[in-house]
Every structure is written in C-alpha cells, then in structure tokens.
>>> print(open('run-v6.csv').read())   # CSV, C-alpha atoms
chain,number,residue,atom,x,y,z
A,1,MET,CA,83.7,72.3,125.8
A,2,LEU,CA,82.6,72.9,122.2
A,3,ARG,CA,85.3,72.6,119.6
A,4,ARG,CA,85.7,76.0,117.9
A,5,VAL,CA,87.1,76.1,114.4
A,6,PHE,CA,88.0,79.7,113.8
A,7,ALA,CA,89.0,82.7,115.9
A,8,VAL,CA,89.8,86.3,115.2
A,9,ALA,CA,92.4,88.1,117.3
A,10,ASP,CA,92.9,91.7,118.1
A,11,THR,CA,96.0,93.7,118.9
A,12,CYS,CA,95.8,93.6,122.7
A,13,PHE,CA,95.6,89.8,122.6
A,14,LEU,CA,98.4,89.2,120.1
A,15,ILE,CA,101.0,91.6,121.5
A,16,ASP,CA,100.8,89.8,124.9
A,17,TRP,CA,100.2,86.2,123.6
A,18,ALA,CA,103.3,86.5,121.3
A,19,ARG,CA,105.4,86.7,124.5
A,20,PHE,CA,104.0,83.5,126.0
A,21,ARG,CA,106.3,80.5,126.0
A,22,ARG,CA,103.5,78.2,124.9
A,23,ARG,CA,102.1,80.7,122.3
A,24,ASP,CA,101.8,78.0,119.5
A,25,LEU,CA,99.2,76.1,121.5
A,26,LEU,CA,96.8,78.6,120.0
A,27,PHE,CA,97.1,76.8,116.7
A,28,ARG,CA,96.1,73.5,118.2
A,29,LEU,CA,92.9,75.0,119.5
A,30,PHE,CA,91.8,76.6,116.3
A,31,LYS,CA,92.1,75.6,112.7
A,32,THR,CA,92.9,79.2,111.7
A,33,VAL,CA,93.2,82.4,113.7
A,34,PHE,CA,92.3,85.4,111.6
A,35,VAL,CA,94.1,88.7,112.0
A,36,PRO,CA,92.3,91.8,110.6
A,37,GLU,CA,94.5,94.1,108.6
A,38,ASP,CA,93.9,96.9,111.1
A,39,VAL,CA,95.3,94.7,113.8
A,40,LEU,CA,98.4,93.8,111.8
A,41,ASN,CA,99.0,97.5,111.1
A,42,GLU,CA,99.3,98.1,114.9
A,43,VAL,CA,101.9,95.4,115.5
A,44,ARG,CA,105.4,96.9,115.4
A,45,SER,CA,107.8,94.9,117.6
A,46,GLU,CA,110.3,92.6,116.0
A,47,GLY,CA,109.4,89.6,118.1
A,48,THR,CA,105.7,89.8,117.5
A,49,ILE,CA,105.9,90.5,113.8
A,50,ALA,CA,108.3,87.6,113.4
A,51,TRP,CA,106.0,85.2,115.1
A,52,ILE,CA,102.9,86.5,113.2
A,53,SER,CA,104.6,86.3,109.8
A,54,SER,CA,105.9,82.8,110.5
A,55,ALA,CA,102.5,81.7,111.6
A,56,LEU,CA,101.0,83.3,108.4
A,57,SER,CA,103.5,81.4,106.3
A,58,ARG,CA,102.5,78.1,108.0
A,59,ASP,CA,98.8,79.0,107.5
A,60,TYR,CA,98.0,79.0,111.2
A,61,LEU,CA,97.2,82.6,111.0
A,62,ALA,CA,95.4,84.2,108.1
A,63,LEU,CA,95.0,87.9,107.1
A,64,TYR,CA,91.4,89.1,107.2
A,65,THR,CA,90.4,92.0,104.9
A,66,PRO,CA,87.1,93.3,106.2
A,67,SER,CA,84.4,94.4,103.8
A,68,GLN,CA,83.3,98.0,103.7
A,69,ASP,CA,80.0,96.8,105.3
A,70,GLU,CA,81.9,95.3,108.2
A,71,VAL,CA,84.0,98.4,108.7
A,72,ASN,CA,80.9,100.5,108.8
A,73,GLU,CA,79.3,98.3,111.4
A,74,ALA,CA,82.6,98.4,113.4
A,75,ARG,CA,82.5,102.2,113.3
A,76,GLN,CA,78.9,102.2,114.5
A,77,LEU,CA,79.9,99.9,117.3
A,78,ILE,CA,82.5,102.4,118.4
A,79,GLU,CA,79.8,105.1,118.5
A,80,GLU,CA,77.5,102.9,120.5
A,81,SER,CA,80.2,102.0,123.0
A,82,ARG,CA,80.8,105.7,123.5
A,83,LEU,CA,77.2,106.1,124.6
A,84,ARG,CA,77.9,103.6,127.4
A,85,PRO,CA,80.3,105.0,130.0
A,86,GLN,CA,80.7,101.6,131.6
A,87,ILE,CA,82.6,100.4,128.5
A,88,PRO,CA,86.3,101.4,128.3
A,89,SER,CA,87.6,102.7,125.0
A,90,VAL,CA,87.5,100.4,122.0
A,91,ASP,CA,89.0,101.3,118.6
A,92,LEU,CA,88.5,99.9,115.1
A,93,PRO,CA,90.8,96.9,115.6
A,94,GLU,CA,88.7,95.6,118.5
A,95,THR,CA,85.3,96.4,117.0
A,96,ILE,CA,86.2,94.9,113.7
A,97,CYS,CA,86.9,91.7,115.6
A,98,LEU,CA,83.6,91.8,117.3
A,99,VAL,CA,81.8,92.4,114.0
A,100,ILE,CA,83.6,89.4,112.5
A,101,GLY,CA,82.7,87.4,115.6
A,102,ARG,CA,79.0,88.3,115.2
A,103,ARG,CA,78.8,87.8,111.5
A,104,ARG,CA,81.0,84.7,111.1
A,105,GLY,CA,80.7,83.1,114.5
A,106,TYR,CA,84.4,83.2,115.1
A,107,VAL,CA,85.7,83.3,118.7
A,108,VAL,CA,87.0,86.8,119.4
A,109,LEU,CA,90.4,86.8,121.2
A,110,THR,CA,91.0,90.1,123.1
A,111,GLU,CA,92.5,91.5,126.3
A,112,ASN,CA,90.7,94.8,125.8
A,113,ARG,CA,88.3,95.2,128.7
A,114,GLY,CA,85.9,97.3,126.5
A,115,ALA,CA,85.7,94.5,123.9
A,116,LEU,CA,85.0,92.0,126.7
A,117,LEU,CA,82.2,94.1,128.0
A,118,ILE,CA,80.4,94.9,124.8
A,119,PRO,CA,78.5,91.5,124.6
A,120,ARG,CA,77.1,92.3,128.0
A,121,TYR,CA,76.0,95.8,127.2
A,122,VAL,CA,75.2,95.8,123.5
A,123,SER,CA,72.5,93.2,122.8
A,124,LYS,CA,73.3,92.8,119.1
A,125,TYR,CA,76.7,91.3,120.2
A,126,SER,CA,75.4,89.2,123.1
A,127,GLY,CA,75.9,86.0,121.2
A,128,VAL,CA,79.6,86.7,120.4
A,129,THR,CA,82.0,84.5,122.2
A,130,VAL,CA,84.9,86.5,123.5
A,131,TRP,CA,87.9,84.9,125.1
A,132,ARG,CA,90.8,86.3,127.0
A,133,SER,CA,94.1,84.5,127.3
A,134,LEU,CA,92.6,83.0,130.4
A,135,GLU,CA,89.9,81.2,128.5
A,136,VAL,CA,92.3,80.1,125.8
A,137,ILE,CA,94.7,78.6,128.3
A,138,LEU,CA,91.8,76.9,130.1
A,139,ALA,CA,90.4,75.5,126.9
A,140,ALA,CA,93.9,74.2,126.0
A,141,ILE,CA,94.1,72.4,129.4
A,142,LEU,CA,90.6,71.0,129.2
A,143,GLU,CA,91.0,69.7,125.7
A,144,GLY,CA,94.3,68.1,126.5
A,145,VAL,CA,96.4,70.4,124.4
A,146,ILE,CA,98.5,71.2,127.5
A,147,LYS,CA,99.3,68.4,130.0
A,148,VAL,CA,98.8,69.9,133.4
A,149,ASP,CA,100.6,69.0,136.6
A,150,CYS,CA,97.6,68.3,138.8
A,151,SER,CA,99.5,69.2,141.9
A,152,ARG,CA,99.9,72.7,140.5
A,153,PRO,CA,96.7,73.4,138.6
A,154,ASP,CA,97.4,77.1,138.4
A,155,GLU,CA,100.9,76.7,137.0
A,156,VAL,CA,100.2,77.4,133.3
A,157,PHE,CA,98.2,80.5,134.2
A,158,ASN,CA,101.2,81.7,136.3
A,159,GLU,CA,103.6,81.1,133.4
A,160,TYR,CA,101.5,83.3,131.2
A,161,SER,CA,101.4,86.0,133.9
A,162,ARG,CA,105.2,85.9,134.3
A,163,ASP,CA,105.9,85.9,130.6
A,164,THR,CA,103.6,88.9,129.9
A,165,LEU,CA,103.1,90.8,133.1
A,166,HIS,CA,99.4,90.1,132.9
A,167,ILE,CA,97.5,89.3,136.0
A,168,PHE,CA,94.2,87.5,135.9
A,169,PRO,CA,91.4,88.8,138.1
A,170,THR,CA,91.1,86.7,141.3
A,171,LYS,CA,87.6,85.4,140.8
A,172,ALA,CA,88.0,84.5,137.2
A,173,LEU,CA,91.3,82.7,137.9
A,174,SER,CA,89.8,80.8,140.8
A,175,LYS,CA,87.0,79.5,138.6
A,176,ALA,CA,89.4,78.5,135.9
A,177,VAL,CA,91.7,76.7,138.4
A,178,GLU,CA,88.7,74.9,139.9
A,179,GLU,CA,87.8,73.6,136.4
A,180,VAL,CA,91.3,72.3,136.0
A,181,ARG,CA,91.1,70.6,139.4
A,182,ARG,CA,87.8,69.0,138.4
A,183,LYS,CA,89.4,67.7,135.2
A,184,CYS,CA,92.3,66.3,137.2
A,185,LEU,CA,89.8,64.4,139.4
A,186,GLY,CA,88.2,63.1,136.3
A,187,LYS,CA,84.9,64.8,136.9
B,1,MET,CA,97.2,78.5,74.3
B,2,SER,CA,98.9,76.9,77.3
B,3,LEU,CA,102.7,76.9,77.5
B,4,GLY,CA,102.6,74.1,79.9
B,5,CYS,CA,105.2,73.7,82.7
B,6,VAL,CA,103.5,75.1,85.8
B,7,LEU,CA,105.6,75.0,88.8
B,8,SER,CA,104.3,73.4,92.0
B,9,GLU,CA,104.1,75.4,95.1
B,10,GLU,CA,107.0,73.6,96.6
B,11,GLU,CA,109.1,74.2,93.4
B,12,ALA,CA,108.2,77.9,93.4
B,13,ARG,CA,109.1,78.2,97.0
B,14,GLU,CA,112.5,76.5,96.4
B,15,LEU,CA,113.2,78.9,93.5
B,16,ARG,CA,112.4,82.0,95.6
B,17,ARG,CA,114.5,80.7,98.5
B,18,ARG,CA,117.4,80.0,96.2
B,19,LEU,CA,117.4,83.2,94.2
B,20,ALA,CA,116.6,85.6,97.0
B,21,ASP,CA,119.4,88.0,98.1
B,22,TRP,CA,119.6,87.0,101.7
B,23,GLY,CA,122.2,89.6,102.5
B,24,PHE,CA,119.8,92.3,101.4
B,25,ILE,CA,116.9,90.7,103.2
B,26,ASN,CA,118.7,90.3,106.5
B,27,LYS,CA,119.8,94.0,106.5
B,28,GLN,CA,116.2,95.2,106.4
B,29,PRO,CA,114.3,96.6,109.4
B,30,PRO,CA,112.3,93.9,111.2
B,31,ARG,CA,108.9,94.4,109.5
B,32,ILE,CA,110.3,94.6,106.0
B,33,ARG,CA,112.6,91.6,106.7
B,34,GLU,CA,109.7,89.5,108.0
B,35,ALA,CA,107.5,90.5,105.1
B,36,LEU,CA,110.2,89.5,102.6
B,37,LYS,CA,110.8,86.2,104.4
B,38,TYR,CA,107.0,85.6,104.3
B,39,TYR,CA,107.0,86.3,100.6
B,40,VAL,CA,109.8,83.9,99.9
B,41,GLU,CA,107.8,81.2,101.7
B,42,LYS,CA,104.3,81.9,100.4
B,43,GLY,CA,104.6,84.1,97.3
B,44,ASP,CA,101.6,86.1,98.4
B,45,LEU,CA,102.3,89.7,97.5
B,46,TYR,CA,99.2,91.2,99.1
B,47,VAL,CA,99.8,89.7,102.5
B,48,ALA,CA,103.5,90.4,102.4
B,49,ALA,CA,102.7,94.0,101.6
B,50,ARG,CA,100.4,94.2,104.6
B,51,ILE,CA,103.1,92.7,106.9
B,52,ALA,CA,105.5,95.3,105.6
B,53,GLY,CA,103.0,98.1,105.9
B,54,LEU,CA,103.5,99.0,102.3
B,55,THR,CA,101.3,99.2,99.2
B,56,VAL,CA,101.5,96.2,96.9
B,57,GLU,CA,103.4,98.3,94.4
B,58,GLU,CA,105.9,99.5,96.9
B,59,PHE,CA,106.4,95.9,98.2
B,60,ASN,CA,106.8,94.6,94.6
B,61,GLU,CA,109.6,97.0,94.1
B,62,LEU,CA,111.2,95.8,97.2
B,63,ARG,CA,110.8,92.2,96.1
B,64,VAL,CA,112.7,93.0,92.9
B,65,ARG,CA,115.5,94.7,94.9
B,66,ALA,CA,115.6,91.6,97.1
B,67,GLY,CA,116.1,89.4,94.0
B,68,ILE,CA,113.0,87.4,94.8
B,69,PRO,CA,111.3,86.2,91.6
B,70,ASN,CA,107.6,86.4,91.1
B,71,VAL,CA,107.0,82.8,90.1
B,72,ALA,CA,103.6,82.4,88.5
C,1,MET,CA,70.1,91.2,135.0
C,2,LEU,CA,72.2,94.3,134.6
C,3,GLY,CA,71.9,95.0,138.3
C,4,GLU,CA,73.4,91.6,139.0
C,5,VAL,CA,76.3,92.1,136.7
C,6,GLU,CA,77.4,95.6,137.7
C,7,PRO,CA,78.5,95.1,141.3
C,8,GLN,CA,80.8,92.3,140.2
C,9,ILE,CA,82.4,94.5,137.5
C,10,THR,CA,82.9,97.3,140.0
C,11,GLU,CA,84.5,95.0,142.6
C,12,GLU,CA,86.7,93.5,139.9
C,13,GLU,CA,87.7,96.9,138.7
C,14,ARG,CA,88.4,98.1,142.3
C,15,GLU,CA,90.6,95.0,142.9
C,16,ALA,CA,92.5,95.7,139.6
C,17,ARG,CA,93.1,99.4,140.4
C,18,GLU,CA,94.4,98.5,143.8
C,19,LEU,CA,96.8,96.0,142.3
C,20,ARG,CA,98.0,98.4,139.6
C,21,ARG,CA,98.6,101.1,142.3
C,22,ARG,CA,100.5,98.7,144.5
C,23,LEU,CA,102.7,97.0,141.9
C,24,ALA,CA,103.5,100.1,139.8
C,25,ASP,CA,107.1,101.4,139.9
C,26,TRP,CA,106.4,104.9,141.0
C,27,GLY,CA,110.0,105.8,140.8
C,28,PHE,CA,110.0,105.0,137.1
C,29,ILE,CA,106.7,106.7,136.5
C,30,ASN,CA,107.6,109.9,138.2
C,31,LYS,CA,110.8,110.2,136.1
C,32,GLN,CA,108.9,110.1,132.8
C,33,PRO,CA,108.2,113.2,130.7
C,34,PRO,CA,104.8,114.8,131.6
C,35,ARG,CA,102.7,113.3,128.8
C,36,ILE,CA,104.0,109.8,129.5
C,37,ARG,CA,103.8,110.2,133.2
C,38,GLU,CA,100.2,111.3,133.1
C,39,ALA,CA,99.2,108.6,130.7
C,40,LEU,CA,100.7,106.0,133.0
C,41,LYS,CA,98.9,107.5,136.0
C,42,TYR,CA,95.7,107.5,134.0
C,43,TYR,CA,96.2,103.8,133.2
C,44,VAL,CA,96.9,102.9,136.8
C,45,GLU,CA,93.6,104.5,137.8
C,46,LYS,CA,91.4,103.5,134.9
C,47,GLY,CA,92.9,100.4,133.2
C,48,ASP,CA,91.9,101.8,129.8
C,49,ILE,CA,94.8,101.0,127.6
C,50,ARG,CA,93.5,102.6,124.4
C,51,ARG,CA,92.8,105.9,126.0
C,52,ALA,CA,96.1,105.9,127.9
C,53,ALA,CA,98.1,105.1,124.8
C,54,ARG,CA,96.4,108.0,123.0
C,55,LEU,CA,97.2,110.3,125.9
C,56,ALA,CA,100.8,109.2,125.7
C,57,GLY,CA,100.9,109.7,122.0
C,58,LEU,CA,102.1,106.1,121.6
C,59,THR,CA,100.9,103.1,119.6
C,60,ILE,CA,99.2,100.5,121.7
C,61,GLU,CA,102.2,98.1,121.5
C,62,GLU,CA,104.6,100.9,122.6
C,63,PHE,CA,102.4,101.7,125.5
C,64,ARG,CA,102.1,98.1,126.5
C,65,GLU,CA,105.9,97.9,126.6
C,66,LEU,CA,106.0,101.0,128.7
C,67,LEU,CA,103.6,99.4,131.1
C,68,ARG,CA,106.0,96.5,131.5
C,69,ASN,CA,108.9,98.9,132.1
C,70,ALA,CA,106.7,100.6,134.7
C,71,LYS,CA,105.8,97.2,136.3
C,72,ILE,CA,102.1,98.0,135.8
C,73,PRO,CA,100.3,94.8,135.1
C,74,VAL,CA,97.4,94.4,132.7
C,75,ILE,CA,94.6,92.9,134.7
C,76,VAL,CA,91.9,91.4,132.5
>>> encode(input="run-v6.csv", output="structure tokens")
Amino acid sequence: MLRRVFAVADTCFLIDWARFRRRDLLFRLFKTVFVPEDVLNEVRSEGTIAWISSALSRDYLALYTPSQDEVNEARQLIEESRLRPQIPSVDLPETICLVIGRRRGYVVLTENRGALLIPRYVSKYSGVTVWRSLEVILAAILEGVIKVDCSRPDEVFNEYSRDTLHIFPTKALSKAVEEVRRKCLGK
Amino acid sequence: MSLGCVLSEEEARELRRRLADWGFINKQPPRIREALKYYVEKGDLYVAARIAGLTVEEFNELRVRAGIPNVA
Amino acid sequence: MLGEVEPQITEEEREARELRRRLADWGFINKQPPRIREALKYYVEKGDIRRAARLAGLTIEEFRELLRNAKIPVIV
C-alpha cells in the first residue's frame, strides 16, 4: 500500500474516530491530519474537543483555513451533488475536504456516504482518495501499525464497531478481513 | 535595533504554564478550557480562537483573564 | 460502468436499512418529541445523517449521539 503523507478529516469521521480506543494510530499513518475550520466548528463534545486540541498541540493535527477559491469550489460541489439524487446530503465541511483532497492530494477521511460517493459520480473528483475508518484500520494493520491476532483477523474492526456503534457493510468488511488474512499468511 | 533575548519555544511554553491561572482555566466550559490549554502549550492565538469558537480578539481577552502571557 | 456500480450500492443500502430497522430501539424512538422522532425514523430509512440532523434541528454531533442513544448504527 502506498504511504500517504497527509490527510484531511471531516466531522463525521472525527466524531466517531475520537471514541475509538486506538484513535492515536491515525497519527502513525499520516504525518499530519488537517482539520478544516468548518469541521472544527461542528465539534462540540468535551471528549472530542479535548482529543483534537491535544493532537493540535502535538502537531499531529493541523488546522486548515481554506482559501475563498476552495470554499467557492466546495459550494459548487454541493450544488452538483444536489443534481444527483443518488448522492446523500453533503455540506460544506465534507465538500471542503473533497476539494482539498483534489487540489492537494490529501487522503479524505469521512464517514459521510455522500462524500464517499462523490468520486464515483462527479468525474472531477474521481482521482480523490476517500477513506472510511474501515480503510484507515486496514491500512494500519497492513502497514504494521497495529499488531493483529491472526486467529481473529476481524477483531480490530469489531473493536471500532463496539466503541462507536458503527457497523461496516458486510461485503466491504469481508474484503478487508480477507486482506488481513492474506497478510497473516505472508502473501 | 534588536533588544536581544528571544525566548525559545520551550521557555515560552514553560512561562505560559507557570503563569497561567489554572483555577480560572479549569472552571471554563469544555471548548474554552481546551482552547486555553492549547494556547498554553502552543502560543498560537488564531488556532486557539478557532478551538474556542471565538474571534481572535475575544480569545485574546480571555487569555488575559486567564493570566496567560503573550510571549513573543 | 455506472450500471455495474449501482446494483451494488442499492444492495448495500438495502442491507444497511434492514440492519438499522432491526437494531433501532423503537421504544426510545417513539418516546421522543415529534421532530426528533421523525428525524430518527428518517435516518433509519435513508441513512442520510446531514439531512436527518437538520430535520431534528441538531448539530451533527448531537444527532450522532442521539443515534447511539437510539441504538441506531451508522453503517458505512
């Protein structure tokens, strides 16, 4: 798997990820994870804010102030997504992340289904890499950031689900677990 | 004309930690508290203001009330 | 290419909706004030958190916490 240097995280990702017992593994996968200001504005709970501000002070997270140009593109993307009924709602925090992902090549971290689908339906964003927590956990396992118990290749994914009340779709989870099994077999 | 004596980042952080009114800081609502703690560690007014959800000016006033020096 | 992608999305969405319906705490949901109740029901059916949060008049983080209280999983 390619080593990615930077990521940009949206609200949906952060508010769940902050509850994960292994949340700091994120900072071993990426040099810096950027948090757009609009995303930070949406975070209110004590636990999440405490984790974010601690990570900001350790330079694992960094605040991203989008340019007016980026904001304009993000607003246009919202409009475009509204023209496609297959895409669930996205708001400025998600579309700003996608714009940053497109312009700067950062991995976009999101749990918003609309944001996940945009690269499939809006060709301008087809090159943007979008990861859910599933892909983040898988990358952490494959890159050795997490030591996995090969007799229970799905355990870390289950931990995440328990900590956050987030379920991974069956097919996607099966594929991820299969990749973990292959790593365990040394393939 | 340079007056010399520029504090290192570590010295600045130590000064902010030492002089901050932790009683005041710990009584604040979560977002404000975390923003003040962040400011003590990093000295970055803009980011601290964003964490607090305040303007830079509003946060600066808060910083003063919290006894945290702006160490240039 | 689009034709190949869409059935998988629909099947995935169907599976997700069934799971949300099955796992939701309907006792909790039905005790909520109308706006919150309808927003939760909307979310169970559609899985669109932004729209549901707006319907509820809550921030996305508040709505996410509500989903946990209602035992409704996010399935992504």
>>> residues_around(input="run-v6.csv", residues="stretch 49-60 of chain C", least_positions_apart="2", cutoff="9 Å", atoms="all atoms listed in the file", output="ChimeraX atom specification")
/A:11-12,42-44,88-91,112-113 /C:35-43,46-47,62-65,74
>>> residues_near_point(input="run-v6.csv", point="(91.6, 89.9, 106.2)", cutoff="12 Å", atoms="only C-alpha atoms", output="VMD selection string")
(chain A and resid 8 to 9 33 to 41 56 61 to 68 70 to 71 93 96 to 97 100) or (chain B and resid 46 to 47 50 to 51)
>>> closest_atom_pairs(input="run-v6.csv", of="chain B", to="chain A", cutoff="12 Å", atoms="all atoms listed in the file", output="tab-separated table")
residue	atom	partner	partner_atom	distance
B:Arg13	CA	A:Ser57	CA	11.3
B:Gln28	CA	A:Glu46	CA	11.6
B:Pro29	CA	A:Glu46	CA	8.7
B:Pro30	CA	A:Glu46	CA	5.4
B:Arg31	CA	A:Ile49	CA	6.5
B:Ile32	CA	A:Ile49	CA	9.8
B:Arg33	CA	A:Ala50	CA	8.9
B:Glu34	CA	A:Ala50	CA	5.9
B:Ala35	CA	A:Ser53	CA	6.9
B:Leu36	CA	A:Ser53	CA	9.7
B:Lys37	CA	A:Ser53	CA	8.2
B:Tyr38	CA	A:Ser57	CA	5.8
B:Tyr39	CA	A:Ser57	CA	8.3
B:Val40	CA	A:Ser57	CA	9.3
B:Glu41	CA	A:Ser57	CA	6.3
B:Lys42	CA	A:Ser57	CA	6.0
B:Gly43	CA	A:Ser57	CA	9.5
B:Asp44	CA	A:Ser57	CA	9.4
B:Tyr46	CA	A:Leu63	CA	9.6
B:Val47	CA	A:Leu63	CA	6.9
B:Ala48	CA	A:Ser53	CA	8.5
B:Ala49	CA	A:Asn41	CA	10.8
B:Arg50	CA	A:Glu37	CA	7.1
B:Ile51	CA	A:Leu40	CA	6.9
B:Ala52	CA	A:Asn41	CA	8.8
B:Gly53	CA	A:Asn41	CA	6.6
B:Leu54	CA	A:Asn41	CA	10.0
>>> closest_residue(input="run-v6.csv", among="A:Cys184, A:Ile15, A:Leu134, A:Leu116", to="A:Asp149", atoms="all atoms listed in the file")
A:Cys184
>>> closest_residue(input="run-v6.csv", among="C:Asp25, C:Glu18, C:Glu45, C:Glu61", to="chain A", atoms="only C-alpha atoms")
C:Glu61
>>> atom_distance(input="run-v6.csv", atom1="atom CA of C:Ile75", atom2="atom CA of A:Arg103")
28.5 Å
>>> atom_distance(input="run-v6.csv", atom1="atom CA of B:Val6", atom2="atom CA of B:Arg18")
18.0 Å
>>> atom_distance(input="run-v6.csv", atom1="atom CA of A:Phe30", atom2="atom CA of A:Phe13")
15.1 Å
>>> closest_residue(input="run-v6.csv", among="C:Arg17, C:Thr10, C:Trp26, C:Pro73", to="A:Ser161", atoms="only C-alpha atoms")
C:Pro73
>>> closest_residue(input="run-v6.csv", among="A:Leu14, A:Val148, A:Val128, A:Asp69", to="chain C", atoms="all atoms listed in the file")
A:Leu14
>>> closest_residue(input="run-v6.csv", among="C:Ala16, C:Asp48, C:Gly27, C:Glu11", to="C:Lys71", atoms="all atoms listed in the file")
C:Gly27
>>> residues_around(input="run-v6.csv", residues="stretch 57-67 of chain B", least_positions_apart="3", cutoff="7 Å", atoms="all atoms listed in the file", output="list in words")
Leu19, Ala20, Asp21, Phe24, Ile25, Ala49 and Leu54 of chain B
>>> residues_near_point(input="run-v6.csv", point="(88.9, 87.8, 124.1)", cutoff="9 Å", atoms="all atoms listed in the file", output="mmCIF file with C-alpha atoms, keeping the file's coordinate frame")
data_model
loop_
_atom_site.group_PDB
_atom_site.id
_atom_site.type_symbol
_atom_site.label_atom_id
_atom_site.label_comp_id
_atom_site.auth_asym_id
_atom_site.auth_seq_id
_atom_site.Cartn_x
_atom_site.Cartn_y
_atom_site.Cartn_z
ATOM 1 C CA ALA A 9 92.400 88.100 117.300
ATOM 2 C CA ASP A 10 92.900 91.700 118.100
ATOM 3 C CA PHE A 13 95.600 89.800 122.600
ATOM 4 C CA VAL A 107 85.700 83.300 118.700
ATOM 5 C CA VAL A 108 87.000 86.800 119.400
ATOM 6 C CA LEU A 109 90.400 86.800 121.200
ATOM 7 C CA THR A 110 91.000 90.100 123.100
ATOM 8 C CA GLU A 111 92.500 91.500 126.300
ATOM 9 C CA ASN A 112 90.700 94.800 125.800
ATOM 10 C CA ARG A 113 88.300 95.200 128.700
ATOM 11 C CA ALA A 115 85.700 94.500 123.900
ATOM 12 C CA LEU A 116 85.000 92.000 126.700
ATOM 13 C CA THR A 129 82.000 84.500 122.200
ATOM 14 C CA VAL A 130 84.900 86.500 123.500
ATOM 15 C CA TRP A 131 87.900 84.900 125.100
ATOM 16 C CA ARG A 132 90.800 86.300 127.000
ATOM 17 C CA SER A 133 94.100 84.500 127.300
ATOM 18 C CA LEU A 134 92.600 83.000 130.400
ATOM 19 C CA GLU A 135 89.900 81.200 128.500
ATOM 20 C CA VAL A 136 92.300 80.100 125.800
#
>>> decode(input="run-v6.csv", residues="stretch 40-61 of chain B", atoms="C-alpha atoms", output="compact mmCIF listing (two decimals), in the first residue's frame")
# COMPACT_ATOMS: atom_id res chain seq x y z
CA VAL B 40 -0.61 27.49 26.93
CA GLU B 41 1.13 24.69 25.02
CA LYS B 42 1.46 26.28 21.60
CA GLY B 43 1.01 30.04 21.93
CA ASP B 44 -0.98 30.10 18.71
CA LEU B 45 -3.73 32.65 19.19
CA TYR B 46 -5.52 32.02 15.91
CA VAL B 47 -5.86 28.26 16.31
CA ALA B 48 -6.80 28.65 19.98
CA ALA B 49 -9.53 31.10 18.98
CA ARG B 50 -10.85 28.60 16.42
CA ILE B 51 -10.96 25.85 19.02
CA ALA B 52 -12.85 28.16 21.35
CA GLY B 53 -15.21 29.26 18.59
CA LEU B 54 -14.30 32.89 19.32
CA THR B 55 -12.79 35.70 17.34
CA VAL B 56 -9.08 36.29 17.89
CA GLU B 57 -9.89 39.45 19.82
CA GLU B 58 -12.40 37.71 22.08
CA PHE B 59 -9.94 34.91 22.75
CA ASN B 60 -7.17 37.37 23.46
CA GLU B 61 -9.31 38.95 26.18
